[in-house]
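Q: Got a structure for you, questions after.
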Amino acid sequence: MAANGSEEALMWGVLWHLGYNMWSDRKTPEREQTHIDARDHLRFDEPLWADLLSAAVGEGLNTVVLDLGEGVRYESHPELAVEGSWSPERLHEELGRLREMGLEPLPKLNFSTAHDAWLGPYARAVSTPEYYAVCRDLIAEVIDLFDRPRLFHLGMDEETAQHQRYYSYAVIRQYDLWWHDLYYYIDQVERGGVRPWVWSDYVWHHPEAFYRNMPTSVLQSNWYYQDDFGPEASRAQAYADLEAHGFDQVPTGSNWATDANMGLTVEFCQKTIAPERLKGFLQTIWRPTLEPFREKHLEGVRQLGEAKRRFEAAAKE
C-alpha cells in the first residue's frame, strides 16, 4: 500500500543509491565519470540525504526507490559489505522514518551482470548453484527489511558487451539462460508476496522474445532520457508498445542528458498509457548520493514535482 494509504495513488518516485558499486569493477581513468568505479567504502552523505527527502516531500512526491547494493551489511552475506555499510537495523530504522514522512520506500537490487559489482565474488560466479543461493538469501532478507514492500526492483538492464567494455571481468547471459535467471529472481520475489519490477530495455533489442516470454505480472519500467518523443524515437515508442501488449508501467525519466526529459516523459505517457496500466513515474539522477552532486539531485526532484503538477492539471481538463 502506498505511504498515503491508497493503493490507487500514482507513484511519483525518485531512485536514489545507498550503495553505488553498480558499474565498473576497476578504476577507469580513461573515462570522465569515474564515479562509476567500484569503491571499498560507502559513498553516501547523510546530510544531503536528509535534504533530498525533505525536498521530495515538499514537491509532493510519495516514493523513494532505494538501490541498496553494497550499502547494507546483510545478515545473510556480510562479506558483501564495504567500509561504512549500514547495519540492517540502521536501514530498517531509516525506512520507518521515510514512511513517517509520507514516502513509501521500495527496494532495488540490480542483478544485471552489467551492474553487479556490488555482489563481490559472486559477480564472478553467475548462474552457479552458489550464486542462486546468494540471490535467494538477499532477496528474502531485503523483503523482510522492507516489511514486505509492494514492489521489488530487480534491475536487469544493459547486459551487453558494450556496457561492460571498461570492466576487468565481463559476462553476458543470452537466450534461454537470461530468461532462466530472470525467472529465478521473479520467483524469489513472488515467494515473498511482492510484485517484481524490472527495467524494460531488453525489449529494444529482442522484442519478439520479450513479448513472448515476459510475464505481464512483472511491472515494467522502460527508460528514455532524451527530448525527442517523435515516431522515429524507437526507445520512447516502447512505452506505446508495452501498452499495446498489456503491461503495467512506471515510465522512467532522468536529468542525465537533458533537464526537459522528465516533463516530456510524463506528458507523452499520460497520453499513451491507459490509466489502469499507468502506475506512476520514476525520476533517476544517476549520481552518487554525495555533496558534489547536490544540485543535480535537487534539480531532478524539482523537475518531477513540476511534471506532477502539470499531469494533475491536464487530468482535470
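Ordered as shown in the C-alpha cells, chains take letters A, B, and onward, while each chain numbers its residues from 1 and ligands are numbered from 1 in the order shown.
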Determine, counting only C-alpha atoms, which protein, DNA and RNA residues have an atom within 8 Å of an atom of Ala117 of chain A; residues of the same chain fewer than 6 positions away are not included. Present the result as an mmCIF file with N, CA and C atoms, in the first residue's frame.
A:
data_model
loop_
_atom_site.group_PDB
_atom_site.id
_atom_site.type_symbol
_atom_site.label_atom_id
_atom_site.label_comp_id
_atom_site.auth_asym_id
_atom_site.auth_seq_id
_atom_site.Cartn_x
_atom_site.Cartn_y
_atom_site.Cartn_z
ATOM 1 N N ASN A 21 28.213 0.636 -6.040
ATOM 2 C CA ASN A 21 29.092 -0.261 -6.801
ATOM 3 C C ASN A 21 28.255 -1.033 -7.818
ATOM 4 N N MET A 22 27.774 -0.302 -8.808
ATOM 5 C CA MET A 22 26.838 -0.866 -9.785
ATOM 6 C C MET A 22 27.416 -0.904 -11.191
ATOM 7 N N TRP A 23 28.662 -0.498 -11.336
ATOM 8 C CA TRP A 23 29.235 -0.410 -12.671
ATOM 9 C C TRP A 23 30.623 -1.059 -12.708
ATOM 10 N N SER A 24 31.636 -0.314 -13.013
ATOM 11 C CA SER A 24 32.947 -0.897 -13.280
ATOM 12 C C SER A 24 33.589 -1.502 -12.034
ATOM 13 N N ASP A 25 34.220 -2.662 -12.226
ATOM 14 C CA ASP A 25 34.931 -3.334 -11.138
ATOM 15 C C ASP A 25 36.394 -2.911 -11.072
ATOM 16 N N ALA A 38 33.856 1.061 -8.846
ATOM 17 C CA ALA A 38 33.568 0.500 -7.526
ATOM 18 C C ALA A 38 34.582 1.002 -6.500
ATOM 19 N N ALA A 123 29.681 -11.985 -8.262
ATOM 20 C CA ALA A 123 29.551 -11.430 -9.607
ATOM 21 C C ALA A 123 30.387 -12.228 -10.605
#
Q: Which residues are near Thr265 of chain A? Cut-off 10 Å, only C-alpha atoms, ignore same chain within fewer than 2 positions. Put them as a PDB file with C-alpha atoms, in the first residue's frame.
A:
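This is the output file result.pdb:
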ATOM      1  CA  TRP A 223      13.561   4.273 -19.570  1.00  0.00           C
ATOM      2  CA  TYR A 224      14.312   7.027 -22.044  1.00  0.00           C
ATOM      3  CA  TYR A 225      16.348  10.129 -21.246  1.00  0.00           C
ATOM      4  CA  GLN A 226      16.282  12.289 -24.388  1.00  0.00           C
ATOM      5  CA  ASP A 227      13.907  15.045 -25.524  1.00  0.00           C
ATOM      6  CA  ASP A 228      12.703  13.603 -28.857  1.00  0.00           C
ATOM      7  CA  PHE A 229       9.462  11.680 -28.465  1.00  0.00           C
ATOM      8  CA  ALA A 236      10.386   6.274 -26.465  1.00  0.00           C
ATOM      9  CA  TYR A 239       6.062   2.911 -23.968  1.00  0.00           C
ATOM     10  CA  PRO A 251       7.812   5.195 -17.079  1.00  0.00           C
ATOM     11  CA  THR A 252      11.269   6.384 -16.120  1.00  0.00           C
ATOM     12  CA  GLY A 253      12.944   9.653 -16.996  1.00  0.00           C
ATOM     13  CA  SER A 254      16.132  11.405 -15.951  1.00  0.00           C
ATOM     14  CA  ALA A 260      13.453  18.623 -20.269  1.00  0.00           C
ATOM     15  CA  ASN A 261      13.146  14.839 -20.219  1.00  0.00           C
ATOM     16  CA  MET A 262      11.036  14.228 -17.134  1.00  0.00           C
ATOM     17  CA  GLY A 263       8.340  16.663 -18.122  1.00  0.00           C
ATOM     18  CA  GLU A 267       3.324  14.362 -20.933  1.00  0.00           C
ATOM     19  CA  PHE A 268       3.898  11.620 -23.525  1.00  0.00           C
ATOM     20  CA  CYS A 269       2.962   8.725 -21.270  1.00  0.00           C
ATOM     21  CA  GLN A 270      -0.138  10.426 -19.893  1.00  0.00           C
ATOM     22  CA  PHE A 281       6.600   7.766 -12.786  1.00  0.00           C
ATOM     23  CA  LEU A 282      10.198   7.401 -11.660  1.00  0.00           C
ATOM     24  CA  GLN A 283      12.938  10.035 -11.828  1.00  0.00           C
ATOM     25  CA  ALA A 307       5.821  17.325 -14.110  1.00  0.00           C
TER      26      ALA A 307
END
Q: Smallest atom-to-atom distance to Leu42 of chain A: which of A:Leu18, A:Leu177, A:Val301, A:Ala233, using only C-alpha atoms?
A: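 Smallest distance to Leu42 of chain A is found for A:Leu18.
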Q: Could you pull the residues within 10 Å of segment 158-164 of chain A, counting only C-alpha atoms, minus those fewer than 4 positions along the same chain, as a CSV table (one decimal) with C-alpha atoms, in the first residue's frame?
A:
chain,number,residue,atom,x,y,z
A,23,TRP,CA,29.2,-0.4,-12.7
A,24,SER,CA,32.9,-0.9,-13.3
A,25,ASP,CA,34.9,-3.3,-11.1
A,111,PHE,CA,21.1,-8.5,-10.8
A,112,SER,CA,22.2,-7.5,-14.3
A,113,THR,CA,25.8,-8.6,-14.9
A,114,ALA,CA,26.5,-5.1,-16.1
A,115,HIS,CA,25.5,-3.7,-12.7
A,168,SER,CA,38.0,-6.2,-15.8
A,169,TYR,CA,35.5,-9.1,-15.9
A,170,ALA,CA,32.6,-9.1,-18.4
A,171,VAL,CA,29.9,-11.8,-18.5
A,172,ILE,CA,26.7,-11.9,-20.6
A,173,ARG,CA,23.8,-14.2,-20.3
A,174,GLN,CA,21.9,-14.8,-23.5
A,178,TRP,CA,19.0,-14.9,-19.4
A,199,TRP,CA,13.9,-2.2,-16.5
A,200,SER,CA,12.4,-2.9,-19.9
A,201,ASP,CA,15.4,-2.2,-22.3
A,202,TYR,CA,15.6,-5.9,-23.2
Q: Out of segment 235-285 of chain A, which residues get strand (DSSP E) from DSSP, as a short mmCIF file (atom, residue, chain, number, x, y, z; two decimals) with C-alpha atoms, in the first residue's frame?
A:
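Wrote selection_27.cif, looks like this:
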data_model
loop_
_atom_site.label_atom_id
_atom_site.label_comp_id
_atom_site.auth_asym_id
_atom_site.auth_seq_id
_atom_site.Cartn_x
_atom_site.Cartn_y
_atom_site.Cartn_z
CA THR A 252 11.27 6.38 -16.12
CA GLY A 253 12.94 9.65 -17.00
CA SER A 254 16.13 11.41 -15.95
CA GLY A 280 3.33 6.15 -11.78
CA PHE A 281 6.60 7.77 -12.79
CA LEU A 282 10.20 7.40 -11.66
CA GLN A 283 12.94 10.03 -11.83
CA THR A 284 16.58 8.93 -11.98
#
Q: I need the residues in segment 33-181 of chain A that are helix (DSSP H, G or I) according to DSSP; give them as a PyMOL selection string.
A: chain A and resi 34-36+46-58+69-71+78-80+88-100+117-124+129-145+162-164+175-181
Q: List as an MDAnalysis selection string the protein and nucleic acid residues near Leu182 of chain A, meaning an atom at most 12 Å away when only C-alpha atoms are counted, but skip any in the same chain fewer than 2 places from it.
A: chainID A and resid 110:113 127 132 135 153:157 173:180 184:189 196:199 202 210 213:215 218
Q: Return the single residue from A:Asp248, A:Glu59, A:Asp181, A:Asp45 that is closest to Leu103 of chain A, with distances computed using only C-alpha atoms.
A: A:Glu59
Q: How many Å lie between atom CA of Glu32 of chain A and atom CA of Arg287 of chain A, rounded to one decimal?
A: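 Going from atom CA of Glu32 of chain A over to atom CA of Arg287 of chain A, I get 13.3 Å.
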Q: Find the spatial neighbours of His245 of chain A, counting only C-alpha atoms, within a cut-off of 9 Å - ignore same-chain residues fewer than 4 positions away - and output them as a PDB file with C-alpha atoms, in the first residue's frame.
A:
ATOM      1  CA  TYR A 211       6.695 -10.214 -25.622  1.00  0.00           C
ATOM      2  CA  THR A 216       2.564  -9.353 -17.585  1.00  0.00           C
ATOM      3  CA  ALA A 240       3.325   2.578 -26.582  1.00  0.00           C
ATOM      4  CA  ASP A 241       4.402  -0.951 -27.499  1.00  0.00           C
TER       5      ASP A 241
END
Q: Between A:Tyr183, A:Phe311, A:Trp256, A:Tyr167, single out the one closest to Phe293 of chain A, counting only C-alpha atoms.
A: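 Using only C-alpha atoms, the shortest distance to Phe293 of chain A belongs to A:Trp256.
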Q: So that I can check the surroundings of Val72 of chain A, please list as a PyMOL selection string every protein, DNA and RNA residue that reaches within 10 Å of it, counting only C-alpha atoms and ignoring chain neighbours fewer than 5 positions away.
A: chain A and resi 18-19+42+77-78+80-82+84-91+142
Q: What is the atom CA of Arg136 of chain A to atom CA of Arg148 of chain A distance in Å?
A: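 Computed distance, atom CA of Arg136 of chain A to atom CA of Arg148 of chain A, equals 15.0 Å.
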Q: Work out how far atom CA of Asn62 of chain A is from atom CA of Trp12 of chain A, in Å to one decimal.
A: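 For atom CA of Trp12 of chain A relative to atom CA of Asn62 of chain A, the distance reads 5.6 Å.
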Q: Choose the residue, out of A:Arg302, A:His92, A:Arg309, A:Lys279, that has the smallest atom-to-atom separation from Leu145 of chain A; count only C-alpha atoms.
A: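 Closest to Leu145 of chain A, using only C-alpha atoms: A:His92.
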Q: Which is closer to Ser234 of chain A than all the others in A:Arg191, A:Pro275, A:Leu298, A:Pro207, using only C-alpha atoms?
A: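 Result for the nearest residue to Ser234 of chain A: A:Pro207.
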